[in-house]
Structures are given as C-alpha cells and as structure tokens.
Amino acid sequence: DDPPPPADGRGYTDLPLSTMRKVIASRLTQSKQEVPHAYSSISCSLDNILALRKAMKAQDKKPPSLNDFVIKASALALREVPEANCIWDEKAATPILMDDVDVSVAVATPDGLITPIIKAAHHLRLNEISTTMKDLAGRARDKKLLPEEFQGGTFTISNLGMFGITEFSAVINPPQACILAVGGGSEQMVAPASAVDDYVEPEAMVKTTMMTVRLSSDERCVDQAVASRFLAAFRAFMEDPLSML
C-alpha cells in the first residue's frame, strides 16, 4: 500500500531504496546500535608530502595522490600497532587480530558507498596502491567488482577532503573495529617545530598545511590507548613521506 500523504497537504516523492542501499541502511543502523563507538582525532602536517609531490612533478614523474599516502600510512601504522588491525567475532564475543592489513576504501557510487579492498596494503609500494585504487574505484562505479573485492577487509578509510570537509566522524563497518575519517588539508599558523615553550610570539608562527583525521573505534577491541598509539604512528608516517617510499 502507498503511504498516506502528509496531513498538511505538502507534496512529496517516494525514493525507492536499491538493494544496495537497503543493505547499507541495515548495516549502519546495526553498527550504531550495537557497536560501542569511541572517537579520537589527530592533526598532521602535509607540508612534506606536498613538497615531495611537487618535486616529483618537476621531474615529470606522476606522484601518488594524497589518498595513496593516507592508505600507505594507515597500513604501516597498523603494522606498528597490530592491536588496531582486528575484527570483532560476534559469536565468540572476542576480538581477532588479523595478520594481513587489508584496507577497505570508501568509494561513492550512484547506488551508495561501496568499500573495495586493497589487500596486503602494507606490502604494496605507493605506485602499486595508486594503480590498484584507480582500478578498484573505476570498476566499483561501473558495478564490476567481484564480491571478494569488497567483502572483508580489516580496516576502512573514508576520505571527504576532496569535498571541502575539514573533519567528520564515520560509522564503523562491522566486523571491523576501526574506520578512519579523513578531512581535507587547510592552511594554519602553528608554532615552529623548534619551539620549546607553550607560548610562541605571533611573528614566530609558521604557515603549514594541516589535515585532521578522526578514528572511530570499537571499544570492545580497540581501547583509547591503542587508538592513540595508532594515530601517533599514522601522523609520523604522514609527516615523513620518504619513510613510505
């Protein structure tokens, strides 16, 4: 039966849900109802990555995208803090630490978000991550992904920086324990790295491009101490891109 029209007579349009959007709605509702979300944020400088990309362009080399660096930094940070690379086993009511770092990356399609997986991302070079991501994203939008290419994963990244979003919170993708919400870079005035005092004279401040990321984590698997260690490792890699080459 058709739903009754609004009592005040306003016009409306029913938007039928695709099968994919029904699944998304069900899983996200379940996640917010059943998974104890905790949130931690950190900001990191992008200056060194931007300088490296500029230098590569000057040598007529195609540089990895910022998102490629985010994927690589996340994978390496998960190797340093393996406790964050886990899933929650609902039946056994226990966390399971995963050996490989399989990074799911949220991709927007007309039918909704889908998360193709870059498998064993910690073993891939930046150019391999770049090529793999372009292939997966293209086939995701064309609805040509195989089930095993988007089902599973141990950690998810959702990047809205290209839409001008500075920071946001993402909903965990069960049974994974973590999802990293990535905002865009913005220029800020910060204290120089050499500063030792809390107070810095205004003229001593330096302009830098900063990016804020927020980790949503399942408190049953990843407590705030583990989340903090992961984010610190992530920032260290992002601010030293040569360590990722």
# chains A, B, ... in the order shown; residues from 1 in each chain; ligands from 1

$ residues_around --residues "stretch 176-182 of chain A" --least-positions-apart "5" --cutoff "10 Å" --atoms "only C-alpha atoms" --output "VMD selection string"
chain A and resid 35 to 41 67 70 74 83 to 89 95 to 96 103 to 106 152 to 162 165 to 171 211 to 222 227 231

$ select_by_dssp --residues "stretch 112-163 of chain A" --states "helix (DSSP H, G or I)" --output "ChimeraX atom specification"
/A:121-123,126-141,147-149,161-163

$ select_by_dssp --residues "stretch 46-229 of chain A" --states "strand (DSSP E)" --output "PyMOL selection string"
chain A and resi 86-89+94-97+103-105+107-109+112-114+117-118+155-159+178-190+206-218

$ residues_around --residues "A:Ile129" --least-positions-apart "4" --cutoff "9 Å" --atoms "only C-alpha atoms" --output "PyMOL selection string"
chain A and resi 64+68-69+71-72+118+121+124-125+133-134

$ closest_atom_pairs --of "stretch 35-140 of chain A" --to "stretch 187-196 of chain A" --cutoff "10 Å" --atoms "only C-alpha atoms" --output "tab-separated table"
residue	atom	partner	partner_atom	distance
A:Ser45	CA	A:Glu187	CA	9.6
A:Leu46	CA	A:Glu187	CA	9.7
A:Asp47	CA	A:Glu187	CA	9.9

$ atom_distance --atom1 "atom CA of A:Pro63" --atom2 "atom CA of A:Ser130"
9.3 Å

$ closest_atom_pairs --of "stretch 95-207 of chain A" --to "stretch 6-17 of chain A" --cutoff "12 Å" --atoms "only C-alpha atoms" --output "CSV"
residue,atom,partner,partner_atom,distance
A:Pro110,CA,A:Leu17,CA,11.8
A:Asp111,CA,A:Leu17,CA,9.0
A:Gly112,CA,A:Leu17,CA,10.2

$ write_last_selection --atoms "N, CA, C and O atoms" --output "PDB file, in the first residue's frame"
ATOM      1  N   PRO A 110      26.620   5.877  -7.627  1.00  0.00           N
ATOM      2  CA  PRO A 110      25.220   6.309  -7.668  1.00  0.00           C
ATOM      3  C   PRO A 110      24.305   5.477  -6.768  1.00  0.00           C
ATOM      4  O   PRO A 110      23.267   5.968  -6.307  1.00  0.00           O
ATOM      5  N   ASP A 111      24.680   4.226  -6.516  1.00  0.00           N
ATOM      6  CA  ASP A 111      23.848   3.362  -5.681  1.00  0.00           C
ATOM      7  C   ASP A 111      24.198   3.437  -4.206  1.00  0.00           C
ATOM      8  O   ASP A 111      23.551   2.793  -3.377  1.00  0.00           O
ATOM      9  N   GLY A 112      25.242   4.206  -3.842  1.00  0.00           N
ATOM     10  CA  GLY A 112      25.650   4.302  -2.448  1.00  0.00           C
ATOM     11  C   GLY A 112      27.128   4.007  -2.286  1.00  0.00           C
ATOM     12  O   GLY A 112      27.845   3.754  -3.260  1.00  0.00           O
TER      13      GLY A 112
END

$ atom_distance --atom1 "atom CA of A:Ala233" --atom2 "atom CA of A:Ala77"
5.1 Å

$ closest_residue --among "A:Ala75, A:Lys54, A:Val81, A:Asn127" --to "A:Ala225" --atoms "only C-alpha atoms"
A:Val81

$ closest_residue --among "A:Glu201, A:Glu80, A:Glu128, A:Asp142" --to "A:Arg229" --atoms "only C-alpha atoms"
A:Glu80

$ closest_residue --among "A:Leu50, A:Arg141, A:Gln33, A:Leu28" --to "A:Gly185" --atoms "only C-alpha atoms"
A:Leu50

$ residues_around --residues "A:Asp100" --least-positions-apart "2" --cutoff "7 Å" --atoms "only C-alpha atoms" --output "number ranges by chain"
A: 98, 102, 120

$ atom_distance --atom1 "atom CA of A:Val200" --atom2 "atom CA of A:Phe234"
26.4 Å

$ closest_residue --among "A:Ser65, A:Pro4, A:Met205, A:Pro175" --to "A:Glu90" --atoms "only C-alpha atoms"
A:Pro175

$ decode --residues "stretch 167-220 of chain A" --atoms "C-alpha atoms" --output "short mmCIF file (atom, residue, chain, number, x, y, z; two decimals), in the first residue's frame"
data_model
loop_
_atom_site.label_atom_id
_atom_site.label_comp_id
_atom_site.auth_asym_id
_atom_site.auth_seq_id
_atom_site.Cartn_x
_atom_site.Cartn_y
_atom_site.Cartn_z
CA GLU A 167 36.77 16.78 9.73
CA PHE A 168 33.95 14.32 10.39
CA SER A 169 33.07 11.10 12.21
CA ALA A 170 32.50 7.85 10.31
CA VAL A 171 30.40 4.83 11.26
CA ILE A 172 32.32 1.60 11.88
CA ASN A 173 31.94 -1.12 9.25
CA PRO A 174 31.42 -4.36 11.28
CA PRO A 175 33.04 -6.73 11.93
CA GLN A 176 35.98 -4.35 11.51
CA ALA A 177 36.99 -2.46 14.64
CA CYS A 178 38.16 0.83 13.10
CA ILE A 179 37.37 3.37 10.41
CA LEU A 180 39.50 6.45 9.70
CA ALA A 181 37.64 9.61 8.64
CA VAL A 182 39.98 11.84 6.61
CA GLY A 183 39.39 15.56 6.16
CA GLY A 184 40.96 17.95 3.70
CA GLY A 185 44.10 20.00 4.20
CA SER A 186 43.86 23.62 5.30
CA GLU A 187 46.48 26.28 5.90
CA GLN A 188 47.04 27.16 9.56
CA MET A 189 49.51 29.17 11.61
CA VAL A 190 51.32 26.89 14.03
CA ALA A 191 54.31 27.01 16.36
CA PRO A 192 57.60 26.02 14.70
CA ALA A 193 58.86 22.52 15.37
CA SER A 194 61.83 24.01 17.21
CA ALA A 195 59.59 25.75 19.77
CA VAL A 196 60.17 24.58 23.35
CA ASP A 197 57.77 26.88 25.21
CA ASP A 198 53.99 26.75 25.26
CA TYR A 199 53.85 30.42 24.31
CA VAL A 200 55.22 31.47 20.93
CA GLU A 201 55.39 35.06 19.71
CA PRO A 202 52.92 35.66 16.84
CA GLU A 203 55.71 36.66 14.45
CA ALA A 204 57.43 33.32 15.12
CA MET A 205 54.42 31.31 13.95
CA VAL A 206 54.77 29.47 10.64
CA LYS A 207 52.20 28.69 7.97
CA THR A 208 51.62 24.97 7.37
CA THR A 209 49.00 22.81 5.67
CA MET A 210 47.32 20.66 8.30
CA MET A 211 44.97 17.69 7.90
CA THR A 212 42.73 16.28 10.63
CA VAL A 213 41.75 12.62 10.79
CA ARG A 214 39.33 11.03 13.24
CA LEU A 215 39.40 7.36 14.17
CA SER A 216 36.14 5.66 15.11
CA SER A 217 37.00 2.51 17.05
CA ASP A 218 35.09 -0.38 18.62
CA GLU A 219 35.82 -0.12 22.35
CA ARG A 220 35.37 -3.90 22.70
#
